[in-house]
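Visitor: File input12.cif below, mmCIF, C-alpha atoms:
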```cif
data_entry
#
loop_
_atom_site.label_atom_id
_atom_site.label_comp_id
_atom_site.auth_asym_id
_atom_site.auth_seq_id
_atom_site.Cartn_x
_atom_site.Cartn_y
_atom_site.Cartn_z
CA MET A 1 43.27 -78.14 -32.27
CA ASN A 2 41.48 -77.32 -29.05
CA PRO A 3 40.12 -73.72 -29.06
CA LEU A 4 41.30 -73.20 -25.47
CA THR A 5 44.85 -74.20 -26.47
CA LEU A 6 44.75 -71.72 -29.36
CA LEU A 7 43.57 -69.00 -27.00
CA ALA A 8 46.27 -69.84 -24.43
CA ASN A 9 48.99 -69.79 -27.11
CA ALA A 10 47.76 -66.43 -28.42
CA TYR A 11 47.87 -65.04 -24.88
CA LEU A 12 51.44 -66.33 -24.38
CA ARG A 13 52.56 -64.78 -27.69
CA TRP A 14 51.05 -61.42 -26.66
CA ARG A 15 52.55 -61.65 -23.17
CA HIS A 16 56.08 -62.54 -24.36
CA SER A 17 56.02 -59.90 -27.11
CA HIS A 18 55.54 -57.22 -24.45
CA GLY A 19 58.39 -58.58 -22.29
CA PHE A 20 56.27 -60.28 -19.63
CA GLY A 21 57.69 -63.69 -18.70
CA VAL A 22 60.90 -63.18 -20.69
CA HIS A 23 63.56 -63.98 -18.09
CA SER A 24 66.73 -63.78 -20.19
CA PRO A 25 68.19 -60.24 -20.11
CA PHE A 26 69.41 -60.60 -23.71
CA ALA A 27 66.00 -61.80 -24.92
CA TYR A 28 64.20 -59.08 -22.94
CA ASN A 29 66.47 -56.45 -24.52
CA LEU A 30 65.64 -57.81 -27.99
CA VAL A 31 61.92 -57.75 -27.26
CA THR A 32 61.96 -54.16 -26.01
CA MET A 33 64.35 -52.85 -28.71
CA ALA A 34 63.35 -54.87 -31.80
CA VAL A 35 60.02 -56.69 -31.44
CA ARG A 36 58.06 -53.98 -29.58
CA PRO A 37 60.16 -50.82 -29.47
CA GLY A 38 57.37 -48.47 -28.45
CA LYS A 39 56.19 -45.40 -30.34
CA TYR A 40 59.52 -44.13 -31.66
CA GLY A 41 60.89 -44.84 -35.12
CA TYR A 42 64.19 -45.12 -36.94
CA TYR A 43 65.48 -42.87 -39.70
CA GLY A 44 65.84 -46.02 -41.80
CA TYR A 45 62.05 -46.37 -41.94
CA GLU A 46 62.03 -43.59 -44.54
CA LEU A 47 64.47 -45.55 -46.75
CA ILE A 48 62.24 -48.63 -46.54
CA ASP A 49 59.09 -46.62 -47.32
CA ARG A 50 60.76 -44.98 -50.29
CA VAL A 51 61.57 -48.40 -51.79
CA ILE A 52 58.13 -49.88 -51.08
CA LEU A 53 56.29 -46.87 -52.50
CA THR A 54 58.27 -46.89 -55.76
CA PRO A 55 55.78 -46.52 -58.64
CA GLY A 56 55.24 -49.69 -60.65
CA LYS A 57 56.54 -52.01 -57.90
CA ARG A 58 54.28 -54.27 -55.83
CA TYR A 59 55.25 -56.01 -52.60
CA ASP A 60 53.42 -58.37 -50.24
CA ARG A 61 51.46 -56.52 -47.60
CA ASP A 62 53.77 -57.75 -44.83
CA VAL A 63 57.07 -56.67 -46.44
CA ARG A 64 57.07 -53.17 -44.90
CA ARG A 65 56.50 -54.54 -41.40
CA ASP A 66 59.13 -57.28 -41.95
CA ALA A 67 61.74 -54.82 -43.25
CA ARG A 68 61.15 -52.52 -40.28
CA LEU A 69 61.48 -55.44 -37.85
CA LEU A 70 64.68 -56.44 -39.63
CA LEU A 71 66.09 -52.91 -39.30
CA ARG A 72 65.39 -52.88 -35.56
CA LEU A 73 66.88 -56.37 -35.22
CA LEU A 74 70.06 -55.38 -37.09
CA VAL A 75 70.51 -52.37 -34.81
CA ALA A 76 69.73 -54.28 -31.59
CA LEU A 77 72.14 -57.10 -32.48
CA GLY A 78 74.86 -54.78 -33.78
CA SER A 79 75.07 -56.86 -36.95
CA ARG A 80 78.00 -56.32 -39.29
CA ARG A 81 76.39 -57.57 -42.51
CA LEU A 82 73.02 -58.73 -43.85
CA LEU A 83 72.65 -61.89 -45.93
CA ILE A 84 69.49 -61.81 -48.05
CA ALA A 85 67.54 -64.77 -49.46
CA ALA A 86 64.36 -63.19 -50.83
CA ALA A 87 62.62 -62.82 -54.18
CA ASP A 88 62.32 -59.02 -53.79
CA PRO A 89 65.38 -57.98 -51.76
CA GLU A 90 65.10 -54.18 -52.21
CA PRO A 91 63.22 -53.38 -48.93
CA PHE A 92 65.69 -55.53 -46.99
CA ARG A 93 68.64 -53.80 -48.65
CA ALA A 94 67.06 -50.52 -47.52
CA ALA A 95 66.85 -51.91 -43.95
CA ALA A 96 70.56 -52.75 -44.09
CA GLU A 97 71.34 -49.27 -45.42
CA GLY A 98 69.27 -47.77 -42.60
CA ALA A 99 71.29 -49.79 -40.09
CA GLY A 100 74.53 -48.64 -41.74
CA ILE A 101 75.73 -52.09 -42.80
CA GLY A 102 76.43 -53.84 -46.10
CA CYS A 103 74.50 -56.74 -47.54
CA VAL A 104 75.17 -59.80 -49.69
CA GLU A 105 72.64 -61.93 -51.55
CA MET A 106 72.59 -65.57 -50.46
CA ASP A 107 72.89 -66.89 -54.02
CA ARG A 108 76.37 -65.28 -54.18
CA ILE A 109 77.32 -67.23 -51.06
CA SER A 110 75.98 -70.49 -52.51
CA ALA A 111 77.84 -69.89 -55.77
CA GLY A 112 81.03 -69.22 -53.80
CA THR A 113 82.03 -66.19 -55.88
CA ASN A 114 84.57 -65.06 -53.28
CA PRO A 115 84.49 -67.41 -50.30
CA SER A 116 86.40 -65.13 -47.94
CA GLU A 117 84.10 -62.18 -48.71
CA CYS A 118 80.79 -64.05 -48.78
CA ALA A 119 81.14 -66.80 -46.17
CA PRO A 120 78.66 -66.43 -43.29
CA GLN A 121 80.33 -65.47 -40.04
CA GLU A 122 79.57 -64.50 -36.49
CA GLY A 123 77.97 -61.05 -36.38
CA ASP A 124 76.05 -61.56 -39.64
CA CYS A 125 72.27 -61.63 -39.84
CA ALA A 126 70.31 -63.45 -42.54
CA VAL A 127 66.77 -62.73 -43.73
CA ILE A 128 65.07 -65.66 -45.45
CA ARG A 129 61.65 -65.36 -47.08
CA GLY A 130 59.66 -68.47 -47.92
CA GLU A 131 61.61 -71.54 -48.96
CA SER A 132 64.51 -69.72 -50.60
CA VAL A 133 67.19 -71.80 -48.82
CA SER A 134 67.52 -75.43 -47.79
CA PRO A 135 67.43 -76.70 -44.19
CA ASP A 136 71.13 -77.61 -44.57
CA GLU A 137 71.98 -73.98 -45.40
CA ILE A 138 70.09 -72.86 -42.28
CA ALA A 139 72.17 -75.25 -40.18
CA THR A 140 75.39 -73.89 -41.77
CA LEU A 141 74.41 -70.27 -41.09
CA LEU A 142 73.65 -71.00 -37.43
CA LYS A 143 76.82 -73.08 -37.00
CA ASN A 144 78.83 -70.07 -38.21
CA GLY A 145 77.14 -67.78 -35.64
CA CYS A 146 74.77 -66.01 -38.04
CA ALA A 147 71.40 -64.79 -36.65
CA ILE A 148 68.41 -65.72 -38.83
CA MET A 149 65.03 -64.10 -39.45
CA MET A 150 62.69 -66.35 -41.45
CA THR A 151 59.29 -65.26 -42.78
CA ASN A 152 56.72 -67.85 -43.84
CA PRO A 153 59.15 -70.76 -43.39
CA SER A 154 58.23 -74.35 -44.16
CA PRO A 155 57.98 -76.76 -41.21
CA ALA A 156 61.25 -78.37 -42.38
CA MET A 157 63.03 -75.00 -42.21
CA THR A 158 61.65 -74.30 -38.72
CA ASP A 159 62.72 -77.77 -37.58
CA ALA A 160 66.20 -77.19 -39.03
CA LEU A 161 66.51 -73.93 -37.08
CA ASN A 162 65.26 -75.49 -33.84
CA SER A 163 67.58 -78.50 -34.12
CA SER A 164 70.66 -76.53 -35.26
CA ILE A 165 70.80 -73.96 -32.49
CA SER A 166 72.12 -75.22 -29.16
CA ASN A 167 72.85 -71.93 -27.37
CA GLY A 168 70.99 -68.65 -27.83
CA THR A 169 67.43 -67.48 -28.33
CA ILE A 170 64.56 -68.59 -30.56
CA PHE A 171 61.48 -66.41 -31.06
CA THR A 172 58.62 -68.19 -32.83
CA GLY A 173 55.56 -66.42 -34.19
CA THR A 174 52.75 -67.47 -36.47
CA ARG A 175 54.61 -66.16 -39.54
CA ILE A 176 58.13 -65.20 -38.39
CA VAL A 177 60.86 -67.23 -36.69
CA LEU A 178 64.03 -65.65 -35.27
CA GLY A 179 67.08 -67.67 -34.28
CA ILE A 180 70.00 -65.91 -32.59
CA PRO A 181 72.94 -68.16 -31.65
CA ARG A 182 75.03 -67.06 -28.65
CA ARG A 183 77.81 -69.22 -27.22
CA ASP A 184 77.60 -67.76 -23.72
CA MET A 185 73.88 -68.35 -23.24
CA ALA A 186 71.64 -71.32 -22.54
CA LEU A 187 68.97 -71.97 -25.16
CA VAL A 188 65.70 -70.15 -24.46
CA SER A 189 62.65 -70.15 -26.68
CA TYR A 190 59.66 -67.83 -26.62
CA SER A 191 56.50 -67.59 -28.68
CA MET A 192 56.02 -64.05 -30.01
CA LYS A 193 53.41 -61.86 -31.65
CA PHE A 194 55.34 -60.03 -34.34
#
```
Would you mind writing the file out in structure tokens?

Guide:
Amino acid sequence: MNPLTLLANAYLRWRHSHGFGVHSPFAYNLVTMAVRPGKYGYYGYELIDRVILTPGKRYDRDVRRDARLLLRLLVALGSRRLLIAAADPEPFRAAAEGAGIGCVEMDRISAGTNPSECAPQEGDCAVIRGESVSPDEIATLLKNGCAIMMTNPSPAMTDALNSSISNGTIFTGTRIVLGIPRRDMALVSYSMKF
């Protein structure tokens, strides 16, 4: 790829992640409350740190930052429940606890243990790490009004998110993709530096 294009894209990601050029009030609020909240922290950060610093447990170097972003996102969206599809879900459970909401593992939803309790619904938020769900499951989550945070998604998963959301906001970074469906909003997409 052209080095000037890479530089321009990096500049746009930096610019959008600080709120410049984000014209949607909802998206601007998410950027200032969740993506770049400033120098203050949440009490839930301590819960996440306690899980990550557990002796004998090793996590990827980005898990702490991802769990903190998830906590801020849950609070900013006012999510009712977190759906987790990750190999090591403990830091994300701690983020849900810090936000004061319950969580359900995605494999319970797929297995259909109690469809009324586990079915994705509007107001839920899902965190998906790697290729832990199929593109069809992503489309189902978005169709049901569930916000999605994906880390290190495959191109097929990113394409599924982009094609399945018709109204709302999409934030795309180099490693993280957020999709927030909203019926009352035209689709807007921004590149972000998470």

Visitor: Can you list, as number ranges by chain, every protein, DNA or RNA residue that comes within 10 Å of A:Pro91 when you count all atoms listed in the file, leaving out same-chain residues fewer than 4 positions away?

Guide: A: 45, 47-52, 59, 63-64, 66-68, 70, 95-97

Visitor: Atom CA of A:Asn144 to atom CA of A:Ala76: how many Å, to one decimal?

Guide: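 Calculated distance between atom CA of A:Asn144 and atom CA of A:Ala76 is 19.4 Å.
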
Visitor: With all atoms listed in the file as the basis for distance, which of A:Asp88, A:Cys103, A:Ile138, A:Leu83 is at the shortest distance from A:Ala126?

Guide: A:Leu83

Visitor: Between atom CA of A:Leu71 and atom CA of A:Gly100, what is the distance, to one decimal in Å?

Guide: 9.8 Å

Visitor: Name all residues at most 12 Å from A:His16 (count all atoms listed in the file; drop same-chain ones fewer than 4 positions away) and give them as number ranges by chain.

Guide: A: 9-12, 20-24, 27-28, 30-32, 35-36, 171-173, 189-194

Visitor: Would you kindly return, as a ChimeraX atom specification, each protein, DNA or RNA residue with an atom no farther than 9 Å from any atom of A:Ala160, considering all atoms listed in the file and excluding same-chain residues fewer than 4 positions away?

Guide: /A:135-136,138-139,155-156,164-165

Visitor: I need the residue nearest A:Gly123 from this list: A:Pro37, A:Gly98, A:Gly145, A:Pro3. Use all atoms listed in the file for the distance.

Guide: A:Gly145

Visitor: By how many Å are atom CA of A:Leu7 and atom CA of A:Arg72 apart?

Guide: 28.4 Å

Visitor: Which one of A:Thr151, A:Ser17, A:Ser79, A:Thr140 sits closest to A:Ser163 if you count all atoms listed in the file?

Guide: A:Thr140

Visitor: Show me, as a ChimeraX atom specification, the residues that have an atom within 7 Å of A:Asp124 when counting all atoms listed in the file, minus same-chain residues fewer than 5 positions from it.

Guide: /A:79-82,146-147

Visitor: With all atoms of stretch 166-171 of chain A from the file as input, state the centre and edge lengths in Å to one decimal of the axis-aligned box that has 5 Å extra on each side, as JSON.

Guide:
```
{"center_x": 67.2, "center_y": -70.8, "center_z": -29.2, "size_x": 21.4, "size_y": 18.8, "size_z": 13.7}
```

Visitor: Could you give me, as a PyMOL selection string, the residues within 7 Å of A:Ile180, counting only C-alpha atoms and dropping anything in the same chain fewer than 3 positions from it?

Guide: chain A and resi 147-148+168-170

Visitor: Using only C-alpha atoms, which of the listed residues (A:Pro153, A:Gly38, A:Pro55, A:Pro25) sits closest to A:Ala86?

Guide: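 Ranking A:Pro153, A:Gly38, A:Pro55, A:Pro25 by distance to A:Ala86, first place goes to A:Pro153.
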
Visitor: Run through the PyMOL selection byres ((chain A and resi 127) around 7) on the given coordinates and return the selected residues as a compact mmCIF listing (two decimals) with C-alpha atoms, keeping the file's coordinate frame.

Guide:
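Produced file result_4.txt, reproduced below:
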```txt
# COMPACT_ATOMS: atom_id res chain seq x y z
CA LEU A 83 72.65 -61.89 -45.93
CA ILE A 84 69.49 -61.81 -48.05
CA ALA A 85 67.54 -64.77 -49.46
CA CYS A 125 72.27 -61.63 -39.84
CA ALA A 126 70.31 -63.45 -42.54
CA ILE A 128 65.07 -65.66 -45.45
CA ARG A 129 61.65 -65.36 -47.08
CA ILE A 148 68.41 -65.72 -38.83
CA MET A 149 65.03 -64.10 -39.45
CA MET A 150 62.69 -66.35 -41.45
```

Visitor: Of the candidates A:Leu53, A:Ser154, A:Arg93, A:Asp60, which one gets nearest to A:Val133 if we count all atoms listed in the file?

Guide: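 Among A:Leu53, A:Ser154, A:Arg93, A:Asp60, it is A:Ser154 that comes nearest to A:Val133.
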
Visitor: For C-alpha atoms, please extract stretch 7-113 of chain A from the block and return it as a compact mmCIF listing (two decimals), in the first residue's frame.

Guide:
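Once written, part28.txt looks like this:
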```
# COMPACT_ATOMS: atom_id res chain seq x y z
CA LEU A 7 -0.05 8.02 6.86
CA ALA A 8 -3.38 9.65 5.91
CA ASN A 9 -5.35 6.74 7.41
CA ALA A 10 -3.32 6.93 10.64
CA TYR A 11 -4.04 10.66 10.84
CA LEU A 12 -7.78 10.07 10.32
CA ARG A 13 -7.83 7.38 13.04
CA TRP A 14 -6.09 9.76 15.47
CA ARG A 15 -8.38 12.66 14.51
CA HIS A 16 -11.63 10.65 14.88
CA SER A 17 -10.50 9.06 18.15
CA HIS A 18 -10.23 12.54 19.68
CA GLY A 19 -13.69 13.57 18.42
CA PHE A 20 -12.56 15.78 15.53
CA GLY A 21 -14.68 15.20 12.43
CA VAL A 22 -17.21 13.00 14.26
CA HIS A 23 -20.50 14.68 13.33
CA SER A 24 -23.01 12.29 14.89
CA PRO A 25 -23.87 13.37 18.47
CA PHE A 26 -24.25 9.73 19.54
CA ALA A 27 -20.89 8.76 18.02
CA TYR A 28 -19.19 11.84 19.51
CA ASN A 29 -20.57 10.94 22.94
CA LEU A 30 -19.18 7.39 22.58
CA VAL A 31 -15.77 8.71 21.55
CA THR A 32 -15.53 11.11 24.48
CA MET A 33 -16.97 8.69 27.07
CA ALA A 34 -15.62 5.30 25.95
CA VAL A 35 -12.81 5.54 23.39
CA ARG A 36 -10.93 8.54 24.85
CA PRO A 37 -12.46 9.41 28.22
CA GLY A 38 -9.64 11.64 29.42
CA LYS A 39 -7.57 11.17 32.56
CA TYR A 40 -10.25 9.85 34.92
CA GLY A 41 -10.87 6.19 35.66
CA TYR A 42 -13.66 3.87 36.72
CA TYR A 43 -13.88 1.90 39.96
CA GLY A 44 -14.24 -1.20 37.79
CA TYR A 45 -10.63 -0.82 36.64
CA GLU A 46 -9.56 -2.24 40.01
CA LEU A 47 -11.69 -5.37 39.45
CA ILE A 48 -10.09 -5.89 36.03
CA ASP A 49 -6.57 -5.38 37.40
CA ARG A 50 -7.21 -7.81 40.22
CA VAL A 51 -8.19 -10.53 37.72
CA ILE A 52 -5.30 -9.83 35.34
CA LEU A 53 -2.71 -9.77 38.14
CA THR A 54 -3.85 -13.11 39.59
CA PRO A 55 -0.73 -15.21 40.25
CA GLY A 56 -0.25 -18.09 37.83
CA LYS A 57 -2.52 -16.59 35.14
CA ARG A 58 -1.20 -15.11 31.89
CA TYR A 59 -3.16 -12.91 29.50
CA ASP A 60 -2.34 -11.27 26.17
CA ARG A 61 -0.78 -7.86 26.60
CA ASP A 62 -3.84 -6.12 25.14
CA VAL A 63 -6.45 -7.77 27.39
CA ARG A 64 -6.25 -5.12 30.14
CA ARG A 65 -6.75 -2.28 27.66
CA ASP A 66 -9.58 -4.20 25.91
CA ALA A 67 -11.38 -4.96 29.18
CA ARG A 68 -11.14 -1.31 30.24
CA LEU A 69 -12.50 -0.16 26.87
CA LEU A 70 -15.31 -2.69 27.24
CA LEU A 71 -16.17 -1.37 30.72
CA ARG A 72 -16.37 2.20 29.42
CA LEU A 73 -18.45 1.04 26.44
CA LEU A 74 -20.89 -0.86 28.67
CA VAL A 75 -21.37 2.23 30.84
CA ALA A 76 -21.69 4.65 27.90
CA LEU A 77 -24.25 2.43 26.13
CA GLY A 78 -26.18 1.60 29.30
CA SER A 79 -25.97 -2.09 28.42
CA ARG A 80 -28.14 -4.54 30.32
CA ARG A 81 -26.05 -7.68 29.80
CA LEU A 82 -22.69 -8.76 28.37
CA LEU A 83 -22.36 -11.73 26.01
CA ILE A 84 -18.81 -13.13 26.03
CA ALA A 85 -17.09 -15.14 23.28
CA ALA A 86 -13.47 -15.32 24.43
CA ALA A 87 -10.96 -17.99 25.42
CA ASP A 88 -10.14 -16.24 28.73
CA PRO A 89 -13.39 -14.51 29.76
CA GLU A 90 -12.41 -13.54 33.34
CA PRO A 91 -11.24 -9.93 32.62
CA PHE A 92 -14.41 -9.30 30.61
CA ARG A 93 -16.58 -10.71 33.40
CA ALA A 94 -14.79 -8.25 35.70
CA ALA A 95 -15.65 -5.43 33.27
CA ALA A 96 -19.31 -6.47 33.39
CA GLU A 97 -19.18 -6.59 37.19
CA GLY A 98 -17.62 -3.12 37.22
CA ALA A 99 -20.48 -1.86 35.04
CA GLY A 100 -23.00 -3.51 37.36
CA ILE A 101 -24.46 -5.90 34.79
CA GLY A 102 -24.64 -9.67 34.37
CA CYS A 103 -22.92 -11.70 31.70
CA VAL A 104 -23.56 -14.87 29.70
CA GLU A 105 -21.03 -16.92 27.73
CA MET A 106 -21.83 -17.19 24.02
CA ASP A 107 -21.50 -20.98 23.99
CA ARG A 108 -24.53 -21.14 26.32
CA ILE A 109 -26.49 -19.11 23.77
CA SER A 110 -25.39 -21.37 20.91
CA ALA A 111 -26.31 -24.47 22.91
CA GLY A 112 -29.73 -22.95 23.64
CA THR A 113 -29.71 -23.96 27.32
```
